[in-house]
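S.K.: Enclosed is the structure file my_file.txt (compact mmCIF, C-alpha atoms and all ligand atoms).
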# COMPACT_ATOMS: atom_id res chain seq x y z
CA MET A 243 102.59 112.90 119.33
CA VAL A 244 104.90 114.55 116.78
CA GLU A 245 103.54 117.54 114.90
CA THR A 246 103.36 116.64 111.22
CA VAL A 247 102.05 119.25 108.81
CA LYS A 248 103.56 118.25 105.48
CA VAL A 249 103.99 114.65 104.32
CA LEU A 250 105.65 113.25 101.23
CA VAL A 251 103.55 110.21 100.27
CA THR A 252 104.99 107.76 97.73
CA GLY A 253 102.52 105.66 95.76
CA GLY A 254 99.71 108.11 96.57
CA ALA A 255 97.88 107.35 93.32
CA GLY A 256 97.53 103.67 94.25
CA PHE A 257 94.80 101.91 96.21
CA ILE A 258 96.02 102.45 99.79
CA GLY A 259 98.17 105.52 99.06
CA SER A 260 95.18 107.39 97.64
CA ALA A 261 93.11 106.56 100.75
CA VAL A 262 95.97 108.04 102.82
CA VAL A 263 96.06 111.14 100.59
CA ARG A 264 92.29 111.62 100.91
CA LEU A 265 92.43 111.19 104.70
CA LEU A 266 95.35 113.59 105.16
CA VAL A 267 94.26 116.38 102.82
CA ALA A 268 90.45 116.25 102.98
CA GLU A 269 89.89 115.15 106.60
CA LEU A 270 92.99 116.13 108.58
CA GLY A 271 94.08 119.24 106.67
CA VAL A 272 97.66 117.98 106.31
CA SER A 273 99.70 119.07 103.26
CA VAL A 274 100.69 116.22 100.96
CA VAL A 275 103.29 115.89 98.23
CA ASN A 276 102.32 112.80 96.26
CA VAL A 277 105.18 111.12 94.36
CA ASP A 278 103.99 108.39 92.03
CA LYS A 279 105.37 106.80 88.86
CA MET A 280 101.81 106.18 87.59
CA THR A 281 102.21 102.48 86.76
CA TYR A 282 99.26 100.39 85.57
CA ALA A 283 98.03 100.30 89.22
CA ALA A 284 97.74 104.08 89.61
CA SER A 285 94.43 105.91 89.31
CA PRO A 286 94.18 109.68 88.82
CA ALA A 287 90.48 109.45 89.77
CA ALA A 288 91.39 108.26 93.27
CA THR A 289 92.89 111.65 94.17
CA ALA A 290 90.66 113.80 91.91
CA GLY A 291 88.74 115.07 94.95
CA VAL A 292 91.84 116.79 96.37
CA ALA A 293 93.64 117.60 93.09
CA THR A 294 92.94 121.34 93.25
CA ASP A 295 93.38 121.67 97.02
CA PRO A 296 96.24 124.13 97.76
CA ARG A 297 97.58 121.63 100.32
CA TYR A 298 98.09 119.00 97.59
CA ALA A 299 100.98 118.67 95.12
CA PHE A 300 101.68 115.84 92.69
CA PHE A 301 104.91 114.72 91.03
CA LYS A 302 105.10 111.94 88.47
CA ALA A 303 108.43 110.38 89.42
CA ASP A 304 110.08 107.01 90.00
CA ILE A 305 111.41 106.27 93.50
CA CYS A 306 114.38 104.61 91.77
CA ASP A 307 115.38 108.09 90.47
CA GLY A 308 117.61 109.41 93.25
CA ALA A 309 118.10 112.85 91.70
CA ALA A 310 114.33 113.34 91.41
CA MET A 311 113.78 112.21 95.02
CA ARG A 312 116.50 114.57 96.32
CA ALA A 313 115.07 117.49 94.33
CA ILE A 314 111.49 116.93 95.56
CA LEU A 315 112.61 116.59 99.20
CA ALA A 316 114.80 119.72 98.98
CA GLN A 317 112.04 121.74 97.32
CA HIS A 318 109.11 120.66 99.54
CA ARG A 319 110.88 120.04 102.88
CA PRO A 320 108.38 117.54 104.36
CA ASP A 321 108.08 116.66 108.08
CA ALA A 322 107.66 113.00 107.17
CA VAL A 323 107.77 110.46 104.36
CA MET A 324 105.05 107.80 104.12
CA HIS A 325 106.42 105.19 101.73
CA LEU A 326 103.71 103.17 99.98
CA ALA A 327 105.02 103.00 96.39
CA ALA A 328 105.50 99.38 95.44
CA GLU A 329 104.67 96.66 93.00
CA SER A 330 101.94 94.96 95.03
CA HIS A 331 100.42 91.93 93.28
CA VAL A 332 101.72 88.44 94.14
CA ASP A 333 100.60 86.90 90.82
CA ARG A 334 102.46 89.55 88.80
CA SER A 335 105.57 88.94 90.94
CA ILE A 336 105.54 85.32 89.73
CA ASP A 337 105.34 86.42 86.06
CA SER A 338 107.78 89.38 86.23
CA PRO A 339 109.84 89.56 89.44
CA ALA A 340 112.28 92.18 88.05
CA ASP A 341 109.82 95.05 88.55
CA PHE A 342 109.41 93.99 92.20
CA ILE A 343 113.16 93.87 92.84
CA ASN A 344 113.61 97.27 91.21
CA THR A 345 110.80 99.21 92.82
CA ASN A 346 110.44 97.46 96.17
CA ILE A 347 114.13 96.92 96.97
CA VAL A 348 116.22 99.29 94.82
CA GLY A 349 113.53 101.98 94.95
CA THR A 350 113.26 101.78 98.75
CA TYR A 351 117.05 101.94 99.04
CA THR A 352 117.17 104.97 96.73
CA LEU A 353 114.42 106.74 98.68
CA LEU A 354 116.12 105.95 102.01
CA GLN A 355 119.41 107.43 100.79
CA ALA A 356 117.75 110.58 99.46
CA THR A 357 115.75 110.93 102.70
CA LEU A 358 118.86 110.43 104.85
CA GLU A 359 120.68 113.17 102.96
CA TYR A 360 117.68 115.51 103.40
CA TRP A 361 117.28 114.57 107.10
CA ARG A 362 120.94 115.37 107.76
CA SER A 363 120.37 118.86 106.32
CA LEU A 364 117.67 119.65 108.93
CA ASP A 365 118.29 121.43 112.24
CA ALA A 366 118.22 119.33 115.43
CA GLU A 367 114.60 120.18 116.27
CA ALA A 368 113.35 119.24 112.78
CA GLN A 369 115.49 116.09 112.81
CA GLY A 370 113.84 115.05 116.07
CA ARG A 371 110.35 115.52 114.64
CA PHE A 372 111.05 113.83 111.28
CA ARG A 373 109.73 110.33 110.52
CA PHE A 374 110.20 107.86 107.65
CA HIS A 375 107.19 105.51 107.71
CA HIS A 376 107.65 102.32 105.72
CA VAL A 377 104.37 100.62 104.77
CA SER A 378 104.69 96.86 104.48
CA THR A 379 102.74 93.65 104.53
CA ASP A 380 102.12 90.67 106.84
CA GLU A 381 103.21 88.44 103.92
CA VAL A 382 106.87 88.92 105.00
CA TYR A 383 106.18 86.47 107.88
CA GLY A 384 105.36 83.60 105.51
CA SER A 385 102.50 81.17 105.92
CA LEU A 386 100.71 79.95 109.07
CA GLY A 387 99.19 76.53 109.77
CA ALA A 388 95.70 76.20 111.25
CA ASP A 389 96.68 77.99 114.49
CA GLY A 390 98.71 80.97 115.61
CA LEU A 391 99.00 84.64 114.70
CA PHE A 392 101.79 86.82 113.29
CA THR A 393 103.29 89.08 115.97
CA GLU A 394 105.98 91.72 115.54
CA GLU A 395 108.47 89.07 116.77
CA THR A 396 107.53 86.39 114.21
CA PRO A 397 110.64 85.52 112.12
CA TYR A 398 110.59 86.59 108.47
CA GLN A 399 109.93 83.72 106.03
CA PRO A 400 108.72 85.30 102.78
CA ASN A 401 107.62 82.83 100.09
CA SER A 402 106.72 84.83 96.98
CA PRO A 403 108.87 87.23 94.95
CA TYR A 404 106.51 89.98 96.18
CA SER A 405 106.83 89.16 99.88
CA ALA A 406 110.59 88.57 99.54
CA SER A 407 111.02 92.01 97.95
CA LYS A 408 108.94 93.62 100.72
CA ALA A 409 110.95 91.73 103.37
CA GLY A 410 114.13 93.06 101.74
CA SER A 411 112.78 96.60 101.93
CA ASP A 412 111.80 96.14 105.62
CA HIS A 413 115.36 95.05 106.41
CA LEU A 414 116.80 98.07 104.59
CA VAL A 415 114.59 100.42 106.61
CA ARG A 416 115.69 98.72 109.83
CA ALA A 417 119.34 99.09 108.84
CA TRP A 418 118.98 102.77 107.90
CA HIS A 419 117.62 103.38 111.40
CA HIS A 420 120.20 101.34 113.30
CA THR A 421 123.25 102.34 111.26
CA PHE A 422 122.50 105.91 110.20
CA GLY A 423 119.97 107.00 112.83
CA LEU A 424 117.16 107.81 110.39
CA PRO A 425 113.96 107.98 112.53
CA THR A 426 111.86 105.20 110.99
CA VAL A 427 108.64 103.38 111.84
CA THR A 428 107.36 100.32 109.96
CA SER A 429 103.89 98.79 109.79
CA ASN A 430 102.96 95.34 108.46
CA CYS A 431 99.34 95.03 107.44
CA SER A 432 97.00 92.26 106.36
CA ASN A 433 94.95 92.19 103.10
CA ASN A 434 93.14 95.44 102.35
CA TYR A 435 89.89 95.90 100.45
CA GLY A 436 87.69 98.87 99.56
CA PRO A 437 87.18 101.56 96.89
CA PHE A 438 89.68 102.03 94.03
CA GLN A 439 91.33 98.60 94.40
CA PHE A 440 92.65 97.44 91.04
CA PRO A 441 90.51 94.53 89.79
CA GLU A 442 93.39 92.05 89.70
CA LYS A 443 93.02 91.42 93.45
CA LEU A 444 90.54 88.86 94.81
CA ILE A 445 87.69 91.06 96.07
CA PRO A 446 87.34 93.57 93.19
CA LEU A 447 87.94 90.84 90.59
CA MET A 448 85.08 88.78 92.03
CA ILE A 449 82.77 91.81 92.14
CA VAL A 450 83.53 92.79 88.54
CA ASN A 451 83.36 89.24 87.17
CA GLY A 452 80.19 88.61 89.19
CA LEU A 453 78.51 91.62 87.60
CA LYS A 454 79.66 90.61 84.12
CA GLY A 455 78.36 87.05 84.46
CA ARG A 456 81.91 85.71 84.07
CA PRO A 457 83.50 82.76 85.92
CA LEU A 458 84.72 83.54 89.47
CA PRO A 459 88.17 81.87 89.55
CA VAL A 460 88.92 80.44 93.00
CA TYR A 461 92.47 79.14 93.30
CA GLY A 462 92.80 75.52 94.48
CA LYS A 463 89.95 74.60 96.84
CA GLY A 464 89.41 78.14 98.15
CA GLU A 465 90.59 77.09 101.60
CA ASN A 466 93.43 79.62 101.93
CA VAL A 467 92.78 82.10 104.72
CA ARG A 468 93.42 85.85 104.72
CA ASP A 469 92.71 88.57 107.30
CA TRP A 470 90.81 91.46 105.70
CA LEU A 471 91.03 95.15 106.66
CA TYR A 472 88.95 97.98 105.17
CA VAL A 473 91.32 100.42 103.46
CA GLU A 474 90.11 103.52 105.34
CA ASP A 475 90.80 101.75 108.65
CA HIS A 476 94.31 101.05 107.36
CA ALA A 477 94.81 104.70 106.36
CA ARG A 478 93.87 105.79 109.91
CA ALA A 479 96.21 103.16 111.36
CA LEU A 480 99.05 104.52 109.23
CA TRP A 481 98.47 108.07 110.44
CA THR A 482 98.40 106.76 114.04
CA VAL A 483 101.69 104.90 113.57
CA LEU A 484 103.33 107.88 111.88
CA THR A 485 102.36 110.42 114.54
CA THR A 486 102.44 108.31 117.72
CA GLY A 487 104.55 105.23 116.92
CA LYS A 488 107.90 104.77 118.64
CA VAL A 489 110.96 105.34 116.46
CA GLY A 490 112.62 102.10 115.36
CA GLU A 491 109.53 100.00 116.13
CA THR A 492 107.28 97.93 113.89
CA TYR A 493 103.50 97.61 114.26
CA ASN A 494 101.24 94.87 112.91
CA VAL A 495 97.89 96.08 111.55
CA GLY A 496 94.96 93.71 111.04
CA GLY A 497 91.20 93.60 110.77
CA HIS A 498 90.28 90.71 113.11
CA ASN A 499 88.53 89.30 110.04
CA GLU A 500 90.06 85.95 109.16
CA MET A 501 88.20 84.17 106.40
CA ARG A 502 88.63 81.39 103.82
CA ASN A 503 88.70 82.66 100.24
CA LEU A 504 85.66 80.59 99.28
CA ASP A 505 83.65 82.15 102.12
CA VAL A 506 84.70 85.63 100.96
CA VAL A 507 83.52 84.83 97.43
CA HIS A 508 80.21 83.47 98.75
CA LEU A 509 79.61 86.72 100.67
CA ILE A 510 80.35 88.78 97.54
CA CYS A 511 77.96 86.63 95.47
CA ASP A 512 75.21 87.08 98.04
CA LEU A 513 75.71 90.86 98.26
CA LEU A 514 75.63 91.15 94.44
CA ASP A 515 72.47 89.02 94.30
CA GLU A 516 70.85 91.31 96.89
CA LEU A 517 71.99 94.67 95.50
CA ARG A 518 71.91 93.87 91.74
CA PRO A 519 69.84 90.69 91.12
CA SER A 520 71.01 88.95 87.94
CA GLY A 521 67.74 87.40 86.75
CA SER A 522 69.50 84.09 86.12
CA GLY A 523 70.01 82.71 89.63
CA SER A 524 72.72 83.15 92.23
CA ARG A 525 76.21 84.38 91.36
CA ARG A 526 77.46 81.40 93.38
CA SER A 527 76.86 79.32 90.24
CA GLN A 528 79.66 81.34 88.52
CA ILE A 529 82.31 80.02 90.99
CA THR A 530 84.98 77.99 89.17
CA PHE A 531 87.83 76.22 90.92
CA VAL A 532 91.05 76.80 88.96
CA GLN A 533 94.69 75.71 89.13
CA ASP A 534 96.29 76.86 92.38
CA ARG A 535 98.81 79.69 92.63
CA PRO A 536 102.40 78.36 92.71
CA GLY A 537 103.71 78.56 96.29
CA HIS A 538 100.30 79.70 97.56
CA ASP A 539 100.55 80.72 101.26
CA ALA A 540 97.94 78.79 103.27
CA ARG A 541 97.01 81.28 105.98
CA TYR A 542 97.79 84.82 107.17
CA ALA A 543 96.50 86.06 110.52
CA ILE A 544 97.55 89.13 112.48
CA ASP A 545 97.91 89.76 116.17
CA ALA A 546 97.16 93.49 116.20
CA SER A 547 97.27 93.85 120.00
CA LYS A 548 100.43 96.01 120.06
CA ILE A 549 98.97 98.84 117.97
CA ALA A 550 95.73 98.62 120.01
CA ARG A 551 97.50 98.60 123.37
CA ASP A 552 100.31 101.10 122.69
CA LEU A 553 98.67 103.46 120.17
CA GLY A 554 94.94 102.95 120.75
CA TRP A 555 94.07 102.06 117.13
CA ARG A 556 91.21 99.67 116.32
CA PRO A 557 89.38 99.11 113.04
CA LYS A 558 85.95 100.75 112.73
CA GLU A 559 84.52 98.49 110.04
CA THR A 560 83.58 94.84 110.45
CA PHE A 561 83.95 92.66 107.36
CA ALA A 562 80.14 92.72 106.94
CA THR A 563 79.94 96.54 106.90
CA GLY A 564 83.16 97.08 104.93
CA LEU A 565 82.32 94.52 102.25
CA ARG A 566 78.81 95.98 101.79
CA ARG A 567 80.31 99.46 101.35
CA THR A 568 82.86 98.06 98.90
CA VAL A 569 80.32 96.21 96.74
CA ALA A 570 78.10 99.32 96.74
CA TRP A 571 81.09 101.45 95.63
CA TYR A 572 81.85 99.16 92.68
CA LEU A 573 78.18 99.22 91.70
CA GLU A 574 78.19 103.03 91.74
CA ASN A 575 81.53 103.39 89.97
CA GLU A 576 81.21 101.10 86.99
CA GLY A 577 82.85 103.70 84.73
CA TRP A 578 86.03 103.54 86.82
CA TRP A 579 86.53 99.79 86.54
CA GLN A 580 85.14 99.41 83.02
CA GLU A 581 87.85 101.76 81.73
CA ILE A 582 90.47 99.58 83.44
CA LEU A 583 88.99 96.43 81.89
CA ASP A 584 89.00 98.12 78.46
CA GLN A 585 92.45 99.69 78.63
CA LYS A 586 94.68 98.03 81.23
CA TYR A 587 93.60 94.62 82.44
CA ALA A 588 90.87 92.46 80.94
CA GLY A 589 90.76 90.02 83.87
CA VAL A 590 92.96 87.23 82.48
CA ARG A 591 94.62 84.78 84.87
CA LEU A 592 98.03 85.96 86.09
CA GLY A 593 100.84 84.16 87.88
CA LEU A 594 101.03 80.83 86.08
CA ALA A 595 103.73 81.74 83.55
CA ALA A 596 106.83 80.53 85.36
CA GLY A 597 105.87 79.03 88.71
CA LYS A 598 106.37 75.43 89.79
CA LYS A 599 103.35 73.14 89.46
CA ALA A 600 101.07 73.88 92.42
P1 LIG B 701 98.93 99.57 94.41
O1 LIG B 701 99.57 98.59 93.50
O2 LIG B 701 97.46 99.79 94.33
O3 LIG B 701 99.61 101.01 94.25
C1 LIG B 701 101.00 101.18 94.19
C2 LIG B 701 101.29 102.60 93.74
O4 LIG B 701 102.71 102.77 93.71
C3 LIG B 701 100.77 102.90 92.33
O5 LIG B 701 100.11 104.16 92.31
C4 LIG B 701 102.04 102.92 91.48
O6 LIG B 701 101.97 103.79 90.36
C5 LIG B 701 103.07 103.39 92.48
N1 LIG B 701 104.43 102.96 92.10
C6 LIG B 701 104.82 101.70 91.72
N2 LIG B 701 106.12 101.70 91.42
C7 LIG B 701 106.59 102.96 91.65
C8 LIG B 701 107.86 103.58 91.54
N3 LIG B 701 108.93 102.89 91.11
N4 LIG B 701 107.98 104.87 91.86
C9 LIG B 701 106.89 105.60 92.28
N5 LIG B 701 105.66 105.07 92.38
C10 LIG B 701 105.51 103.76 92.08
O7 LIG B 701 99.36 99.11 95.88
P2 LIG B 701 98.55 99.17 97.25
O8 LIG B 701 97.69 97.99 97.35
O9 LIG B 701 97.97 100.54 97.38
O10 LIG B 701 99.75 99.01 98.30
C11 LIG B 701 100.44 100.13 98.82
C12 LIG B 701 101.50 99.66 99.78
O11 LIG B 701 100.91 98.92 100.84
C13 LIG B 701 102.53 98.74 99.15
O12 LIG B 701 103.79 99.06 99.69
C14 LIG B 701 102.10 97.35 99.59
O13 LIG B 701 103.19 96.48 99.66
C15 LIG B 701 101.51 97.65 100.95
N6 LIG B 701 100.45 96.73 101.40
C16 LIG B 701 99.39 96.44 100.59
C17 LIG B 701 98.39 95.60 101.05
C18 LIG B 701 97.16 95.29 100.21
O14 LIG B 701 96.34 94.47 100.61
N7 LIG B 701 96.97 95.92 99.07
C19 LIG B 701 98.48 95.05 102.34
C20 LIG B 701 99.58 95.38 103.14
C21 LIG B 701 100.56 96.22 102.66
P1 LIG B 702 95.15 88.59 96.41
O1 LIG B 702 93.99 89.54 96.40
O2 LIG B 702 95.96 88.45 95.16
O3 LIG B 702 96.05 88.97 97.66
P2 LIG B 702 97.32 88.16 98.32
O4 LIG B 702 97.79 87.12 97.38
O5 LIG B 702 98.32 89.26 98.51
O6 LIG B 702 96.79 87.61 99.61
O7 LIG B 702 94.59 87.16 96.77
C1 LIG B 702 93.89 86.92 97.98
C2 LIG B 702 93.61 85.42 98.06
O8 LIG B 702 92.68 85.07 97.01
C3 LIG B 702 94.83 84.57 97.83
O9 LIG B 702 94.76 83.41 98.68
C4 LIG B 702 94.72 84.15 96.38
C5 LIG B 702 93.23 84.08 96.14
N1 LIG B 702 92.76 84.40 94.78
C6 LIG B 702 91.85 83.56 94.14
O10 LIG B 702 91.44 82.51 94.67
N2 LIG B 702 91.40 83.91 92.89
C7 LIG B 702 91.82 85.04 92.25
O11 LIG B 702 91.41 85.28 91.09
C8 LIG B 702 92.75 85.91 92.93
C9 LIG B 702 93.23 87.17 92.26
C10 LIG B 702 93.19 85.54 94.19
Please rewrite the model in this file as structure tokens.
M.R.:
Amino acid sequence: MVETVKVLVTGGAGFIGSAVVRLLVAELGVSVVNVDKMTYAASPAATAGVATDPRYAFFKADICDGAAMRAILAQHRPDAVMHLAAESHVDRSIDSPADFINTNIVGTYTLLQATLEYWRSLDAEAQGRFRFHHVSTDEVYGSLGADGLFTEETPYQPNSPYSASKAGSDHLVRAWHHTFGLPTVTSNCSNNYGPFQFPEKLIPLMIVNGLKGRPLPVYGKGENVRDWLYVEDHARALWTVLTTGKVGETYNVGGHNEMRNLDVVHLICDLLDELRPSGSGSRRSQITFVQDRPGHDARYAIDASKIARDLGWRPKETFATGLRRTVAWYLENEGWWQEILDQKYAGVRLGLAAGKKA
């Protein structure tokens, strides 16, 4: 295990990045420098609990700004970089791919170059301890049929502008390790859910629309399958990979929770009915089947045996426990998502602007 006491986290004001920041600062006592551009997806509230902690520093900066990245690295001298900053929503990548190319590919390249320059300035002992952890997605592997699982050896076949931009960034990280010797680790994770997820993604959108009595838009027939992982389990997996993963390796992270979208929405409806009865029947009656997403991947499923076997990580939450916690969190934090609905995203359908007919 490498000793890591100060970490530069990119995208630490986002959904997963903020869970990492909370874990590192509040639970593990690790110092964090959070570098985030504060796009629409960022939430100051998600890191408010650690904002005044002396181990926490925040910089509003764009990972595409090489001078800013070099200055922050030189000033703070981290033991590791955990790179989570990205444009993350598939539907938005269909409407505006440019942001995904810029942040996910050019931004990752810019950060890698700045990190390489910083790494070369370290003494041999610090160079040996240093890690660049690239946080990626299982979507780079493409779409599965009814059987099979993604392993670390599955060939890359990204289908959306989002997954193609993440695949590009994974390849850059690989090349910066093989060509320049930067000590990198990469993890590819399945769909996350939990507190502070922006309500454009399936689970929070269904919770919010369910509470508001609005239609619950299920794409196509709702038969697409995703593997769901509770965000705090992912944050612990990332720390495990960073501190005990083998340099140059990639690790798949998954929740052993494969489910059809329609079944996920049914579970959310039933939890809402139980925890906040509507008075006008089951939320299931709000389900509306809508036009499918262009290029919609049929099924993602992760073989997470490598990270279990080699690093000893396993998720703590089942989907039943994690989803209950998540629904309860959205019920208790209405102010957080209502402000987003009022100011940033009213819940309109995304991703149909330019795609082929599904
Ligand atoms: P998110 O959209 O909630 O947050 C992304 C954060 O990155 C935001 O705070 C945003 O302001 C910041 N950011 C965006 N562009 C930036 C830039 N140019 N410079 C600096 N900061 C910038 O995303 P998330 O769901 O928390 O995902 C985090 C990472 O995990 C991403 O790399 C994503 O690809 C990966 N991932 C996500 C999932 C998932 O289910 N959400 C699953 C697997 C992997
Ligand atoms: P999403 O949360 O956008 O994650 P990803 O596309 O990265 O897997 O979507 C999860 C699944 O839910 C995906 O198959 C698309 C589907 N979906 C809907 O059916 N309705 C919706 O309103 C949204 C946002 C997604």
S.K.: Quick check, in Å to one decimal: how far apart do atom CA of Leu270 of chain A and atom CA of Ala299 of chain A lie?
M.R.: 15.9 Å
S.K.: Please identify all protein, DNA and RNA residues within 8 Å of ligand LIG 702 (chain B), counting only C-alpha atoms and all ligand atoms, and report them as an MDAnalysis selection string.
M.R.: chainID A and resid 330:333 381 433 442:445 447:448 458:462 464 466:468 503:504 534:535 538:541 591:592
S.K.: Produce a table with one row for each residue of chain A that has an atom at most 7 Å from any atom of ligand LIG 701 (chain B), each row naming the nearest atom pair and its distance in Å at one decimal; use all atoms listed in the file; arrange rows by chain and rising residue number; format as CSV.
M.R.:
residue,atom,partner,partner_atom,distance
A:Thr252,CA,B:LIG701,N5,6.0
A:Gly253,CA,B:LIG701,O4,3.5
A:Gly254,CA,B:LIG701,O5,5.8
A:Ala255,CA,B:LIG701,O5,4.0
A:Gly256,CA,B:LIG701,O5,3.3
A:Phe257,CA,B:LIG701,O9,3.6
A:Ile258,CA,B:LIG701,O9,3.6
A:Gly259,CA,B:LIG701,O9,5.3
A:Val277,CA,B:LIG701,C9,6.1
A:Asp278,CA,B:LIG701,N5,3.7
A:Lys279,CA,B:LIG701,C9,3.9
A:Met280,CA,B:LIG701,O6,3.7
A:Thr281,CA,B:LIG701,O6,3.8
A:Tyr282,CA,B:LIG701,O6,6.5
A:Ala283,CA,B:LIG701,O1,4.9
A:Ala284,CA,B:LIG701,O5,3.6
A:Ser285,CA,B:LIG701,O5,6.7
A:Ala303,CA,B:LIG701,C9,5.8
A:Asp304,CA,B:LIG701,N4,3.5
A:Ile305,CA,B:LIG701,N4,4.1
A:Cys306,CA,B:LIG701,N3,5.8
A:His325,CA,B:LIG701,O12,7.0
A:Leu326,CA,B:LIG701,O12,4.1
A:Ala327,CA,B:LIG701,O4,3.5
A:Ala328,CA,B:LIG701,C6,4.4
A:Glu329,CA,B:LIG701,C6,5.2
A:Ser330,CA,B:LIG701,O1,4.6
A:His331,CA,B:LIG701,O1,6.7
A:Thr345,CA,B:LIG701,N3,4.5
A:Gly349,CA,B:LIG701,N3,6.1
A:Val377,CA,B:LIG701,O12,5.3
A:Ser378,CA,B:LIG701,C21,4.6
A:Thr379,CA,B:LIG701,C21,3.9
A:Asp380,CA,B:LIG701,C20,6.5
A:Lys408,CA,B:LIG701,O13,6.5
A:Asn430,CA,B:LIG701,C20,6.3
A:Cys431,CA,B:LIG701,C20,4.3
A:Ser432,CA,B:LIG701,C19,5.1
A:Asn433,CA,B:LIG701,O14,3.7
A:Asn434,CA,B:LIG701,O14,3.8
A:Tyr435,CA,B:LIG701,O14,6.6
A:Gln439,CA,B:LIG701,O2,6.2
A:Phe440,CA,B:LIG701,O2,6.3
S.K.: Restricting the calculation to all atoms listed in the file: of A:Thr482, A:Asp475, A:Pro403, A:Thr563, which residue gets closest to Pro339 of chain A?
M.R.: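 Counting all atoms listed in the file, the residue closest to Pro339 of chain A is A:Pro403.
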S.K.: So which one's closest to Leu354 of chain A, A:Gly370, A:Pro441, A:Pro446, A:Gly423? Using all atoms listed in the file, please.
M.R.: A:Gly423
S.K.: What is the atom CA of Leu315 of chain A-atom CA of Phe374 of chain A distance in Å, reported with one decimal?
M.R.: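 Calculated distance between atom CA of Leu315 of chain A and atom CA of Phe374 of chain A is 12.4 Å.
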S.K.: Please measure the separation of atom CA of Arg334 of chain A and atom CA of Gln585 of chain A, giving the value in Å to one decimal.
M.R.: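 So the answer is 17.5 Å.
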S.K.: Could you tell me, as JSON, numbers by chain, which residues have any atom at most 12 Å from (99.6, 80.0, 107.1), counting all atoms listed in the file?
M.R.: {"A": [380, 381, 382, 383, 384, 385, 386, 387, 388, 389, 390, 391, 392, 399, 400, 401, 465, 466, 467, 468, 469, 500, 502, 537, 538, 539, 540, 541, 542, 543, 544]}
S.K.: What lies within 10 Å of Tyr360 of chain A using all atoms listed in the file, ignoring chain neighbours under 2 positions off, as a ChimeraX atom specification?
M.R.: /A:311-313,315-316,319-320,354-358,362-364,369
S.K.: Calculated over all atoms listed in the file, which of the candidates A:Tyr493, A:Phe438, A:Phe561, A:Tyr472 has the smallest distance to Ala290 of chain A?
M.R.: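 Using all atoms listed in the file, the shortest distance to Ala290 of chain A belongs to A:Phe438.
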S.K.: For Val590 of chain A, which residue among A:Thr393, A:Thr492, A:Ser527, A:Asn451 is the nearest when counting only C-alpha atoms?
M.R.: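 So, comparing all the options, the nearest one is A:Asn451.
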S.K.: Smallest atom-to-atom distance to Pro557 of chain A: which of A:Trp579, A:Tyr572, A:Phe301, A:Trp470, using all atoms listed in the file?
M.R.: A:Trp470
S.K.: Which of these, A:His476, A:Arg371, A:Arg518, A:Lys302, has the shortest distance to Val569 of chain A once you count all atoms listed in the file?
M.R.: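 Of the candidates, the smallest distance to Val569 of chain A is held by A:Arg518.
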S.K.: Report as a count of residues only all protein, DNA and RNA residues lying within 12 Å of Ile449 of chain A, evaluated on all atoms listed in the file, omitting residues in the same chain fewer than 6 positions from it.
M.R.: 41
S.K.: As JSON, what would the box around segment 566-583 of chain A look like: edges along x, y and z, 4 Å added on every side, centre and edge lengths in Å to one decimal?
M.R.:
{"center_x": 84.3, "center_y": 99.8, "center_z": 91.8, "size_x": 20.4, "size_y": 15.7, "size_z": 28.1}
S.K.: With all atoms listed in the file as the counted atoms, please give the residues lying no more than 12 Å from segment 292-297 of chain A, apart from itself and same-chain residues fewer than 2 positions off, as a ChimeraX atom specification.
M.R.: /A:247-250,254-255,260-276,286-290,299-301,318
